[in-house]
$ cat protein.txt   # compact mmCIF, C-alpha atoms
# COMPACT_ATOMS: atom_id res chain seq x y z
CA MET A 860 23.39 3.57 -8.90
CA ARG A 861 23.73 5.01 -5.44
CA PRO A 862 21.83 3.47 -2.53
CA LEU A 863 18.70 5.26 -1.38
CA LYS A 864 18.03 6.53 2.11
CA ILE A 865 14.50 5.50 3.06
CA LEU A 866 12.45 6.72 6.00
CA TYR A 867 10.32 3.64 6.60
CA GLY A 868 7.02 4.14 8.42
CA ALA A 869 5.19 0.94 9.33
CA GLY A 870 3.95 -1.29 12.09
CA LEU A 871 7.22 -3.10 12.72
CA SER A 872 7.39 -6.43 14.53
CA LEU A 873 8.47 -9.97 13.72
CA ALA A 874 4.80 -10.76 13.08
CA ASP A 875 4.50 -8.22 10.24
CA SER A 876 5.38 -8.58 6.56
CA SER A 877 6.28 -4.87 6.61
CA GLN A 878 9.33 -5.83 8.67
CA TYR A 879 10.29 -8.33 5.98
CA ARG A 880 10.14 -5.65 3.28
CA ALA A 881 12.38 -3.41 5.38
CA TRP A 882 14.90 -6.26 5.60
CA ALA A 883 14.74 -6.69 1.83
CA LEU A 884 15.49 -3.00 1.29
CA GLU A 885 18.56 -3.35 3.52
CA ARG A 886 19.71 -6.48 1.69
CA LEU A 887 19.43 -4.54 -1.55
CA GLY A 888 21.92 -2.05 -0.14
CA HIS A 889 19.66 0.81 0.91
CA THR A 890 19.69 2.66 4.24
CA VAL A 891 16.45 2.18 6.16
CA VAL A 892 15.49 4.58 8.95
CA PRO A 893 12.59 2.91 10.82
CA LEU A 894 9.64 4.76 12.29
CA ASN A 895 7.52 2.23 14.15
CA PHE A 896 3.82 3.06 14.02
CA TYR A 897 3.10 0.73 16.96
CA GLU A 898 4.85 3.12 19.33
CA TYR A 899 2.04 5.63 18.75
CA GLU A 900 -0.87 3.32 19.54
CA SER A 901 -2.62 3.46 22.88
CA GLY A 902 -2.09 0.68 25.39
CA ASN A 903 -5.86 0.65 25.97
CA ALA A 904 -7.58 -1.81 23.61
CA LEU A 905 -10.89 0.09 23.51
CA LEU A 906 -9.17 3.39 22.81
CA ARG A 907 -7.14 1.76 20.03
CA LYS A 908 -10.38 0.67 18.35
CA VAL A 909 -11.88 4.15 18.62
CA VAL A 910 -8.77 5.83 17.21
CA HIS A 911 -8.58 3.27 14.42
CA ARG A 912 -12.15 4.05 13.38
CA LEU A 913 -11.83 7.82 13.64
CA THR A 914 -8.15 8.17 12.59
CA ALA A 915 -7.95 11.15 14.90
CA GLY A 916 -6.52 12.00 18.29
CA PRO A 917 -3.24 12.93 20.00
CA GLY A 918 -1.41 9.82 18.76
CA VAL A 919 -2.31 10.62 15.15
CA ALA A 920 -1.11 14.20 15.55
CA ARG A 921 2.14 13.14 17.20
CA PHE A 922 2.84 10.54 14.52
CA ASN A 923 2.49 13.10 11.72
CA LEU A 924 4.73 15.57 13.54
CA ASP A 925 7.36 12.89 14.09
CA VAL A 926 7.31 11.86 10.41
CA LEU A 927 8.17 15.44 9.47
CA ALA A 928 10.74 15.78 12.24
CA ALA A 929 12.47 12.57 11.12
CA ALA A 930 12.46 13.78 7.52
CA GLU A 931 14.01 17.09 8.55
CA ARG A 932 16.66 15.30 10.61
CA GLU A 933 17.49 12.42 8.24
CA ARG A 934 16.94 14.05 4.83
CA PRO A 935 15.83 10.79 3.18
CA ASP A 936 15.33 10.27 -0.53
CA VAL A 937 12.10 8.39 0.07
CA PHE A 938 9.37 8.12 2.68
CA TRP A 939 7.92 4.60 2.49
CA ALA A 940 4.50 4.23 4.14
CA ASP A 941 3.72 0.54 4.62
CA LYS A 942 -0.01 0.25 5.33
CA LEU A 943 -0.12 3.52 7.24
CA LEU A 944 -3.62 4.84 7.82
CA TRP A 945 -2.82 7.85 10.02
CA LEU A 946 -1.01 10.11 7.58
CA ARG A 947 -2.53 13.49 6.88
CA PRO A 948 -2.50 14.91 3.33
CA GLU A 949 -0.67 18.02 4.52
CA THR A 950 2.13 15.82 5.90
CA LEU A 951 2.66 14.27 2.46
CA ASP A 952 2.57 17.72 0.83
CA ARG A 953 5.21 18.96 3.26
CA LEU A 954 7.43 15.96 2.48
CA ARG A 955 7.16 16.70 -1.24
CA ALA A 956 8.13 20.32 -0.60
CA MET A 957 11.22 19.00 1.17
CA GLY A 958 12.14 16.97 -1.91
CA VAL A 959 11.20 13.60 -0.37
CA VAL A 960 9.52 11.08 -2.68
CA THR A 961 6.54 9.38 -1.01
CA VAL A 962 5.34 5.83 -1.67
CA SER A 963 2.43 3.93 -0.16
CA TYR A 964 2.62 0.14 -0.02
CA MET A 965 -0.90 -1.14 0.66
CA ILE A 966 -1.47 -4.86 1.02
CA ASP A 967 -5.20 -4.46 1.82
CA ASN A 968 -8.03 -3.14 -0.32
CA PRO A 969 -9.76 0.12 0.73
CA PHE A 970 -12.28 -0.45 -2.08
CA GLY A 971 -13.18 -4.06 -1.25
CA THR A 972 -16.40 -5.42 0.18
CA ARG A 973 -14.89 -6.29 3.57
CA ARG A 974 -15.64 -2.76 4.81
CA ASP A 975 -12.87 -2.59 7.36
CA PRO A 976 -12.82 0.69 9.32
CA GLY A 977 -9.96 3.17 9.40
CA TRP A 978 -9.71 4.31 5.77
CA ARG A 979 -10.88 7.93 6.27
CA LEU A 980 -7.50 9.65 6.07
CA TYR A 981 -5.97 7.15 3.68
CA LEU A 982 -8.59 7.79 1.00
CA LYS A 983 -7.85 11.50 1.26
CA ASP A 984 -4.12 10.75 0.93
CA ILE A 985 -4.34 8.99 -2.42
CA PRO A 986 -3.68 12.05 -4.65
CA HIS A 987 -0.88 13.22 -2.35
CA PHE A 988 1.48 10.23 -2.66
CA ASP A 989 3.98 10.13 -5.51
CA LEU A 990 3.56 6.38 -5.96
CA HIS A 991 1.09 3.72 -4.83
CA VAL A 992 1.96 0.01 -4.70
CA VAL A 993 -1.14 -2.22 -4.82
CA GLN A 994 -1.88 -5.94 -5.09
CA ARG A 995 -4.83 -6.06 -7.52
CA ASP A 996 -5.56 -5.06 -11.11
CA SER A 997 -8.87 -3.57 -9.97
CA ASN A 998 -7.06 -1.24 -7.58
CA ILE A 999 -5.17 0.46 -10.41
CA ALA A 1000 -8.45 1.86 -11.74
CA ASP A 1001 -9.74 2.57 -8.22
CA TYR A 1002 -6.69 4.64 -7.34
CA ASN A 1003 -6.58 6.45 -10.68
CA GLU A 1004 -10.21 7.46 -10.24
CA ARG A 1005 -9.22 8.96 -6.87
CA GLY A 1006 -6.50 11.07 -8.49
CA ALA A 1007 -3.40 8.93 -7.85
CA ARG A 1008 -0.21 10.27 -9.46
CA ASP A 1009 1.24 6.83 -10.19
CA VAL A 1010 0.16 3.25 -9.39
CA ILE A 1011 1.94 -0.08 -9.86
CA LYS A 1012 0.90 -3.62 -9.05
CA ILE A 1013 3.39 -5.79 -7.16
CA GLN A 1014 2.59 -9.24 -5.85
CA THR A 1015 2.97 -10.24 -2.24
CA ALA A 1016 6.01 -12.36 -1.51
CA TYR A 1017 7.75 -14.76 0.83
CA GLU A 1018 10.67 -13.74 3.05
CA PRO A 1019 13.73 -15.84 2.15
CA THR A 1020 15.33 -15.54 5.61
CA VAL A 1021 12.17 -16.95 7.22
CA HIS A 1022 10.42 -19.06 4.59
CA PHE A 1023 12.79 -21.78 3.41
CA PRO A 1024 12.55 -25.58 2.99
CA PRO A 1025 13.01 -28.14 5.79
CA PRO A 1026 16.24 -30.07 6.38
CA ALA A 1027 17.17 -32.83 3.96
CA GLY A 1028 15.36 -36.05 4.67
CA TRP A 1029 12.17 -34.42 5.98
CA SER A 1030 9.19 -36.69 5.30
CA ASP A 1031 5.73 -37.68 6.50
CA LYS A 1032 7.27 -39.18 9.62
CA ASP A 1033 7.96 -35.55 10.62
CA ARG A 1034 4.50 -34.27 9.63
CA ASP A 1035 1.89 -34.37 12.38
CA ARG A 1036 -0.56 -31.94 10.71
CA GLY A 1037 -2.77 -33.52 8.06
CA VAL A 1038 -4.93 -30.94 6.27
CA SER A 1039 -3.55 -27.74 7.70
CA PHE A 1040 -4.67 -24.12 7.63
CA ILE A 1041 -2.61 -21.41 9.31
CA GLY A 1042 -4.26 -18.00 9.13
CA THR A 1043 -7.37 -15.92 9.68
CA ALA A 1044 -11.05 -16.84 9.69
CA TYR A 1045 -12.13 -14.58 6.81
CA ASP A 1046 -15.09 -15.29 4.52
CA ASN A 1047 -16.59 -18.78 5.03
CA ARG A 1048 -13.38 -20.58 5.99
CA ALA A 1049 -14.72 -21.74 9.35
CA GLU A 1050 -17.71 -23.36 7.66
CA VAL A 1051 -15.58 -25.05 4.99
CA LEU A 1052 -13.01 -26.41 7.44
CA THR A 1053 -15.72 -27.63 9.79
CA ARG A 1054 -17.40 -29.50 6.92
CA LEU A 1055 -14.12 -31.10 5.87
CA TRP A 1056 -13.81 -32.54 9.37
CA ARG A 1057 -17.44 -33.26 10.27
CA GLU A 1058 -18.94 -34.42 6.95
CA PHE A 1059 -15.92 -35.90 5.23
CA GLY A 1060 -13.83 -37.15 8.16
CA LEU A 1061 -10.65 -35.37 7.10
CA PRO A 1062 -7.81 -34.63 9.58
CA VAL A 1063 -8.07 -30.82 9.70
CA VAL A 1064 -5.76 -28.71 11.89
CA ILE A 1065 -6.24 -24.94 12.31
CA SER A 1066 -3.85 -22.37 13.78
CA GLY A 1067 -4.68 -18.68 13.99
CA ASP A 1068 -5.99 -15.86 16.14
CA ALA A 1069 -8.89 -15.99 18.59
CA GLN A 1070 -11.47 -15.24 15.87
CA TRP A 1071 -11.59 -18.98 15.27
CA LYS A 1072 -13.10 -19.52 18.72
CA ARG A 1073 -16.03 -17.32 17.70
CA ARG A 1074 -16.41 -18.56 14.13
CA LEU A 1075 -16.10 -22.31 14.67
CA PRO A 1076 -18.76 -24.44 16.38
CA ALA A 1077 -17.76 -25.44 19.91
CA ASP A 1078 -17.02 -29.05 18.99
CA ALA A 1079 -14.89 -27.94 16.04
CA VAL A 1080 -12.89 -25.59 18.25
CA LYS A 1081 -12.09 -28.48 20.53
CA ALA A 1082 -11.26 -30.88 17.71
CA LEU A 1083 -9.47 -28.65 15.17
CA TYR A 1084 -8.11 -25.47 16.71
CA THR A 1085 -4.59 -25.65 18.11
CA GLY A 1086 -4.76 -22.14 19.57
CA GLY A 1087 -2.69 -19.09 18.82
CA GLU A 1088 -1.13 -17.52 15.76
CA LEU A 1089 2.14 -18.85 14.39
CA TYR A 1090 4.96 -16.49 13.44
CA MET A 1091 8.51 -16.72 12.16
CA GLN A 1092 10.08 -20.11 13.03
CA ALA A 1093 6.80 -21.51 14.41
CA TYR A 1094 4.98 -20.55 11.21
CA ARG A 1095 7.66 -22.06 8.98
CA GLU A 1096 7.73 -25.26 11.02
CA GLY A 1097 3.92 -25.40 10.96
CA ILE A 1098 4.13 -25.53 7.16
CA TRP A 1099 6.91 -28.12 7.27
CA ARG A 1100 4.85 -30.30 9.61
CA SER A 1101 1.77 -30.21 7.32
CA LYS A 1102 1.07 -32.86 4.72
CA ILE A 1103 -1.32 -30.50 2.92
CA ASN A 1104 -1.18 -26.70 3.33
CA LEU A 1105 -4.45 -24.96 2.43
CA SER A 1106 -4.54 -21.43 1.04
CA PHE A 1107 -7.80 -19.54 0.50
CA ILE A 1108 -8.45 -16.40 -1.53
CA THR A 1109 -9.88 -13.58 0.60
CA HIS A 1110 -12.93 -12.83 -1.55
CA ALA A 1111 -14.10 -9.94 0.63
CA ASN A 1112 -10.76 -8.28 -0.16
CA GLN A 1113 -11.10 -9.03 -3.90
CA ASP A 1114 -7.72 -10.78 -3.83
CA GLU A 1115 -6.23 -12.37 -6.95
CA PHE A 1116 -3.66 -14.36 -4.94
CA VAL A 1117 -2.54 -14.45 -1.33
CA HIS A 1118 0.91 -14.10 0.20
CA LYS A 1119 0.34 -17.34 2.12
CA SER A 1120 0.60 -19.28 -1.15
CA PHE A 1121 4.06 -17.86 -1.85
CA GLU A 1122 5.14 -18.46 1.76
CA ILE A 1123 4.03 -22.10 1.58
CA ALA A 1124 5.94 -22.54 -1.68
CA GLY A 1125 8.96 -20.76 -0.22
CA CYS A 1126 8.93 -23.19 2.72
CA GLY A 1127 8.85 -26.16 0.37
CA GLY A 1128 5.34 -27.09 1.50
CA PHE A 1129 2.68 -28.86 -0.54
CA LEU A 1130 0.28 -26.11 -1.62
CA LEU A 1131 -3.43 -26.76 -2.13
CA ALA A 1132 -4.83 -23.32 -2.98
CA GLU A 1133 -8.13 -21.90 -4.10
CA ARG A 1134 -8.09 -21.61 -7.89
CA SER A 1135 -7.77 -18.06 -9.22
CA ALA A 1136 -6.33 -16.32 -12.25
CA GLY A 1137 -3.56 -14.94 -10.05
CA HIS A 1138 -2.57 -18.38 -8.77
CA LEU A 1139 -2.84 -20.02 -12.20
CA THR A 1140 -0.44 -17.53 -13.79
CA ARG A 1141 2.15 -18.09 -11.07
CA PHE A 1142 2.12 -21.88 -10.68
CA VAL A 1143 1.56 -24.68 -13.18
CA GLU A 1144 -1.51 -26.55 -11.96
CA ASP A 1145 -0.88 -30.09 -10.71
CA GLU A 1146 2.86 -29.70 -11.33
CA GLU A 1147 3.91 -26.82 -9.03
CA ALA A 1148 0.74 -26.47 -6.93
CA VAL A 1149 -2.72 -28.00 -6.75
CA PHE A 1150 -5.89 -25.92 -6.97
CA PHE A 1151 -9.57 -26.32 -6.13
CA THR A 1152 -12.86 -24.56 -6.74
CA GLY A 1153 -15.61 -25.36 -4.27
CA ILE A 1154 -15.74 -27.90 -1.48
CA LYS A 1155 -16.47 -30.91 -3.72
CA GLU A 1156 -13.20 -30.49 -5.62
CA LEU A 1157 -11.37 -29.59 -2.41
CA VAL A 1158 -12.39 -32.92 -0.86
CA GLU A 1159 -11.43 -34.80 -4.02
CA LYS A 1160 -7.96 -33.21 -4.09
CA ILE A 1161 -7.36 -33.88 -0.40
CA ARG A 1162 -8.36 -37.53 -0.76
CA LEU A 1163 -6.13 -37.87 -3.82
CA TYR A 1164 -2.98 -36.34 -2.36
CA LEU A 1165 -3.15 -37.04 1.38
CA PRO A 1166 -2.00 -40.68 1.00
CA ASP A 1167 0.43 -39.92 -1.85
CA GLU A 1168 3.60 -38.65 -0.23
CA ALA A 1169 5.68 -39.00 -3.40
CA ALA A 1170 3.34 -36.77 -5.43
CA ARG A 1171 3.22 -34.18 -2.68
CA GLU A 1172 7.01 -34.12 -2.41
CA ARG A 1173 7.41 -33.75 -6.18
CA ILE A 1174 4.88 -30.92 -6.49
CA ALA A 1175 6.19 -29.09 -3.41
CA ALA A 1176 9.76 -29.19 -4.75
CA ALA A 1177 8.63 -27.87 -8.14
CA GLY A 1178 6.61 -25.10 -6.48
CA ARG A 1179 9.60 -24.06 -4.42
CA ALA A 1180 11.83 -24.00 -7.53
CA ARG A 1181 9.27 -21.87 -9.42
CA ALA A 1182 8.96 -19.40 -6.54
CA GLU A 1183 12.71 -18.96 -6.34
CA LYS A 1184 13.31 -18.82 -10.11
CA ASP A 1185 10.54 -16.30 -10.83
CA GLY A 1186 11.26 -14.10 -7.82
CA TYR A 1187 8.23 -14.64 -5.62
CA HIS A 1188 10.38 -13.40 -2.73
CA ASN A 1189 10.77 -9.97 -1.15
CA ASP A 1190 14.14 -9.16 -2.68
CA ALA A 1191 12.75 -9.38 -6.22
CA GLN A 1192 9.39 -7.73 -5.53
CA VAL A 1193 10.78 -4.91 -3.40
CA GLY A 1194 13.49 -4.42 -6.02
CA LYS A 1195 10.80 -3.69 -8.62
CA ILE A 1196 9.40 -0.94 -6.41
CA VAL A 1197 12.85 0.59 -5.96
CA GLU A 1198 13.31 0.62 -9.75
CA ARG A 1199 10.12 2.68 -10.08
CA LEU A 1200 11.16 4.99 -7.25
CA ARG A 1201 14.50 5.73 -8.88
CA GLY A 1202 12.67 7.44 -11.70
CA LEU A 1203 11.11 9.81 -9.16
CA VAL A 1204 14.17 10.51 -7.02
CA THR A 1205 16.34 13.40 -8.21
CA GLY A 1206 20.03 13.80 -7.50

$ encode --input "protein.txt" --output "structure tokens"
Amino acid sequence: MRPLKILYGAGLSLADSSQYRAWALERLGHTVVPLNFYEYESGNALLRKVVHRLTAGPGVARFNLDVLAAAERERPDVFWADKLLWLRPETLDRLRAMGVVTVSYMIDNPFGTRRDPGWRLYLKDIPHFDLHVVQRDSNIADYNERGARDVIKIQTAYEPTVHFPPPAGWSDKDRDRGVSFIGTAYDNRAEVLTRLWREFGLPVVISGDAQWKRRLPADAVKALYTGGELYMQAYREGIWRSKINLSFITHANQDEFVHKSFEIAGCGGFLLAERSAGHLTRFVEDEEAVFFTGIKELVEKIRLYLPDEAARERIAAAGRARAEKDGYHNDAQVGKIVERLRGLVTG
């Protein structure tokens, strides 16, 4: 089958999983023409927030014009919109008239309880895309009720060029992070992590954006927060350096699983994740990953595994093998999307 030419619209940086999916498309042999959404955002932080809420303004107009101009110039088979919130329905209709298949890859949940702003145009776009890629069973019904033409569920994934195991011989002598969380302060994570440290005396380490400074108590910020988000090599090495890697479900987003769990497994890290149906179907509990429900069980699991390096090593290795064997990486997951797109592309 011939390679596809894909006009790829996304926020593209080394900190974004959208960049990883673009790399996967290229590894699969397709031609990717990037259109970086970040180049259309204002340099003024306040104005960026206003535009994000309203999804209107000169930048939005210019972005839509440039999507069409790039499609006219490049004549792609597919326009891939990776979490794009600025597209206008008429832009998608024009692409279809040009014979370009349109797909939306949406990692977040416009129908969740988190109530993030910025969904105004996207919700109008739903009937105008040829294909929607979502992360949750509940979203399939949500999108169909909004008139979606086609919807598939694809799980989030790790990036094999970034998320891979440590060098041979890596052990606890190389791990200076005890109970580690690398990520955002959604839901009640700040409260849970503070309790692990304050009430139960556990060696918690947190890395992530500045939200943690607002969500954590002042003494917990000083004791637990390392400061700053970790990306690429620093993120991978943060997982390597952690005896226990925590992964929480984002309940406000109605998540079934989280990409962090697959990234931890891909890096060969010991995964202690919040129990969910999505996690349980992807890892064998206590053999390929360890799960918890509620803080009582979380504390019990930490106290069980923190001193047991051999058990952690065994489970981490099995989790890594499962992730690789069952295709929890971008090449496999992106490949499934391409298979669906081929049925829509003519010629």

$ residues_around --input "protein.txt" --residues "range 1106-1123 of chain A" --least-positions-apart "5" --cutoff "8 Å" --atoms "only C-alpha atoms" --output "count of residues only"
31

$ closest_residue --input "protein.txt" --among "A:Tyr1084, A:Phe1151, A:Phe922, A:Tyr964" --to "Ile1011 in chain A" --atoms "all atoms listed in the file"
A:Tyr964

$ closest_residue --input "protein.txt" --among "A:Asn1104, A:Asn903, A:Thr914, A:Ser963" --to "Ala869 in chain A" --atoms "all atoms listed in the file"
A:Ser963

$ residues_around --input "protein.txt" --residues "Ala915 in chain A" --least-positions-apart "6" --cutoff "9 Å" --atoms "only C-alpha atoms" --output "ChimeraX atom specification"
/A:909,945,980

$ write_last_selection --input "protein.txt" --atoms "C-alpha atoms" --output "short mmCIF file (atom, residue, chain, number, x, y, z; two decimals), in the coordinates of the input"
data_model
loop_
_atom_site.label_atom_id
_atom_site.label_comp_id
_atom_site.auth_asym_id
_atom_site.auth_seq_id
_atom_site.Cartn_x
_atom_site.Cartn_y
_atom_site.Cartn_z
CA VAL A 909 -11.88 4.15 18.62
CA TRP A 945 -2.82 7.85 10.02
CA LEU A 980 -7.50 9.65 6.07
#

$ residues_around --input "protein.txt" --residues "range 872-879 of chain A" --least-positions-apart "6" --cutoff "8 Å" --atoms "all atoms listed in the file" --output "ChimeraX atom specification"
/A:941,1018,1090-1091,1189

$ decode --input "protein.txt" --residues "range 1039-1066 of chain A" --atoms "N, CA and C atoms" --output "PDB file, in the first residue's frame"
ATOM      1  N   SER A1039       7.816   8.390  43.705  1.00  0.00           N
ATOM      2  CA  SER A1039       7.964   9.494  42.753  1.00  0.00           C
ATOM      3  C   SER A1039       6.688   9.737  41.955  1.00  0.00           C
ATOM      4  N   PHE A1040       6.329  11.014  41.827  1.00  0.00           N
ATOM      5  CA  PHE A1040       5.276  11.382  40.874  1.00  0.00           C
ATOM      6  C   PHE A1040       5.782  12.502  39.981  1.00  0.00           C
ATOM      7  N   ILE A1041       5.690  12.269  38.672  1.00  0.00           N
ATOM      8  CA  ILE A1041       6.095  13.253  37.669  1.00  0.00           C
ATOM      9  C   ILE A1041       4.861  13.584  36.851  1.00  0.00           C
ATOM     10  N   GLY A1042       4.329  14.796  37.005  1.00  0.00           N
ATOM     11  CA  GLY A1042       3.110  15.135  36.276  1.00  0.00           C
ATOM     12  C   GLY A1042       2.382  16.309  36.870  1.00  0.00           C
ATOM     13  N   THR A1043       1.080  16.395  36.571  1.00  0.00           N
ATOM     14  CA  THR A1043       0.269  17.553  36.926  1.00  0.00           C
ATOM     15  C   THR A1043      -0.512  17.334  38.216  1.00  0.00           C
ATOM     16  N   ALA A1044      -0.981  18.444  38.779  1.00  0.00           N
ATOM     17  CA  ALA A1044      -1.647  18.419  40.084  1.00  0.00           C
ATOM     18  C   ALA A1044      -3.164  18.340  39.949  1.00  0.00           C
ATOM     19  N   TYR A1045      -3.665  17.491  39.049  1.00  0.00           N
ATOM     20  CA  TYR A1045      -5.106  17.355  38.873  1.00  0.00           C
ATOM     21  C   TYR A1045      -5.750  16.660  40.069  1.00  0.00           C
ATOM     22  N   ASP A1046      -7.086  16.803  40.139  1.00  0.00           N
ATOM     23  CA  ASP A1046      -7.896  16.136  41.154  1.00  0.00           C
ATOM     24  C   ASP A1046      -7.328  16.412  42.559  1.00  0.00           C
ATOM     25  N   ASN A1047      -7.222  15.384  43.388  1.00  0.00           N
ATOM     26  CA  ASN A1047      -6.751  15.564  44.771  1.00  0.00           C
ATOM     27  C   ASN A1047      -5.333  15.036  44.967  1.00  0.00           C
ATOM     28  N   ARG A1048      -4.527  15.074  43.918  1.00  0.00           N
ATOM     29  CA  ARG A1048      -3.177  14.500  44.006  1.00  0.00           C
ATOM     30  C   ARG A1048      -2.316  15.207  45.045  1.00  0.00           C
ATOM     31  N   ALA A1049      -2.438  16.525  45.136  1.00  0.00           N
ATOM     32  CA  ALA A1049      -1.628  17.266  46.107  1.00  0.00           C
ATOM     33  C   ALA A1049      -1.948  16.815  47.529  1.00  0.00           C
ATOM     34  N   GLU A1050      -3.220  16.615  47.808  1.00  0.00           N
ATOM     35  CA  GLU A1050      -3.631  16.165  49.137  1.00  0.00           C
ATOM     36  C   GLU A1050      -3.097  14.760  49.432  1.00  0.00           C
ATOM     37  N   VAL A1051      -3.236  13.861  48.456  1.00  0.00           N
ATOM     38  CA  VAL A1051      -2.790  12.480  48.654  1.00  0.00           C
ATOM     39  C   VAL A1051      -1.280  12.420  48.877  1.00  0.00           C
ATOM     40  N   LEU A1052      -0.521  13.112  48.052  1.00  0.00           N
ATOM     41  CA  LEU A1052       0.933  13.064  48.164  1.00  0.00           C
ATOM     42  C   LEU A1052       1.417  13.722  49.459  1.00  0.00           C
ATOM     43  N   THR A1053       0.735  14.783  49.856  1.00  0.00           N
ATOM     44  CA  THR A1053       1.081  15.421  51.129  1.00  0.00           C
ATOM     45  C   THR A1053       0.840  14.465  52.286  1.00  0.00           C
ATOM     46  N   ARG A1054      -0.271  13.743  52.258  1.00  0.00           N
ATOM     47  CA  ARG A1054      -0.575  12.791  53.325  1.00  0.00           C
ATOM     48  C   ARG A1054       0.437  11.650  53.366  1.00  0.00           C
ATOM     49  N   LEU A1055       0.848  11.175  52.187  1.00  0.00           N
ATOM     50  CA  LEU A1055       1.849  10.109  52.169  1.00  0.00           C
ATOM     51  C   LEU A1055       3.107  10.529  52.908  1.00  0.00           C
ATOM     52  N   TRP A1056       3.490  11.775  52.727  1.00  0.00           N
ATOM     53  CA  TRP A1056       4.705  12.300  53.369  1.00  0.00           C
ATOM     54  C   TRP A1056       4.468  12.641  54.842  1.00  0.00           C
ATOM     55  N   ARG A1057       3.395  13.419  55.099  1.00  0.00           N
ATOM     56  CA  ARG A1057       3.201  13.976  56.442  1.00  0.00           C
ATOM     57  C   ARG A1057       2.685  12.935  57.426  1.00  0.00           C
ATOM     58  N   GLU A1058       1.675  12.156  57.045  1.00  0.00           N
ATOM     59  CA  GLU A1058       1.046  11.216  57.969  1.00  0.00           C
ATOM     60  C   GLU A1058       1.775   9.879  58.039  1.00  0.00           C
ATOM     61  N   PHE A1059       2.341   9.474  56.902  1.00  0.00           N
ATOM     62  CA  PHE A1059       2.878   8.111  56.829  1.00  0.00           C
ATOM     63  C   PHE A1059       4.398   8.067  56.694  1.00  0.00           C
ATOM     64  N   GLY A1060       5.033   9.238  56.621  1.00  0.00           N
ATOM     65  CA  GLY A1060       6.484   9.303  56.629  1.00  0.00           C
ATOM     66  C   GLY A1060       7.156   8.687  55.416  1.00  0.00           C
ATOM     67  N   LEU A1061       6.503   8.734  54.265  1.00  0.00           N
ATOM     68  CA  LEU A1061       7.049   8.104  53.066  1.00  0.00           C
ATOM     69  C   LEU A1061       7.873   9.103  52.250  1.00  0.00           C
ATOM     70  N   PRO A1062       8.911   8.639  51.558  1.00  0.00           N
ATOM     71  CA  PRO A1062       9.849   9.539  50.860  1.00  0.00           C
ATOM     72  C   PRO A1062       9.322   9.974  49.489  1.00  0.00           C
ATOM     73  N   VAL A1063       8.393  10.904  49.489  1.00  0.00           N
ATOM     74  CA  VAL A1063       7.722  11.367  48.270  1.00  0.00           C
ATOM     75  C   VAL A1063       8.577  12.420  47.558  1.00  0.00           C
ATOM     76  N   VAL A1064       8.630  12.327  46.230  1.00  0.00           N
ATOM     77  CA  VAL A1064       9.297  13.322  45.390  1.00  0.00           C
ATOM     78  C   VAL A1064       8.345  13.694  44.262  1.00  0.00           C
ATOM     79  N   ILE A1065       8.150  15.002  44.025  1.00  0.00           N
ATOM     80  CA  ILE A1065       7.216  15.472  43.005  1.00  0.00           C
ATOM     81  C   ILE A1065       7.955  16.364  42.014  1.00  0.00           C
ATOM     82  N   SER A1066       7.736  16.102  40.724  1.00  0.00           N
ATOM     83  CA  SER A1066       8.210  16.991  39.664  1.00  0.00           C
ATOM     84  C   SER A1066       7.026  17.353  38.784  1.00  0.00           C
TER      85      SER A1066
END
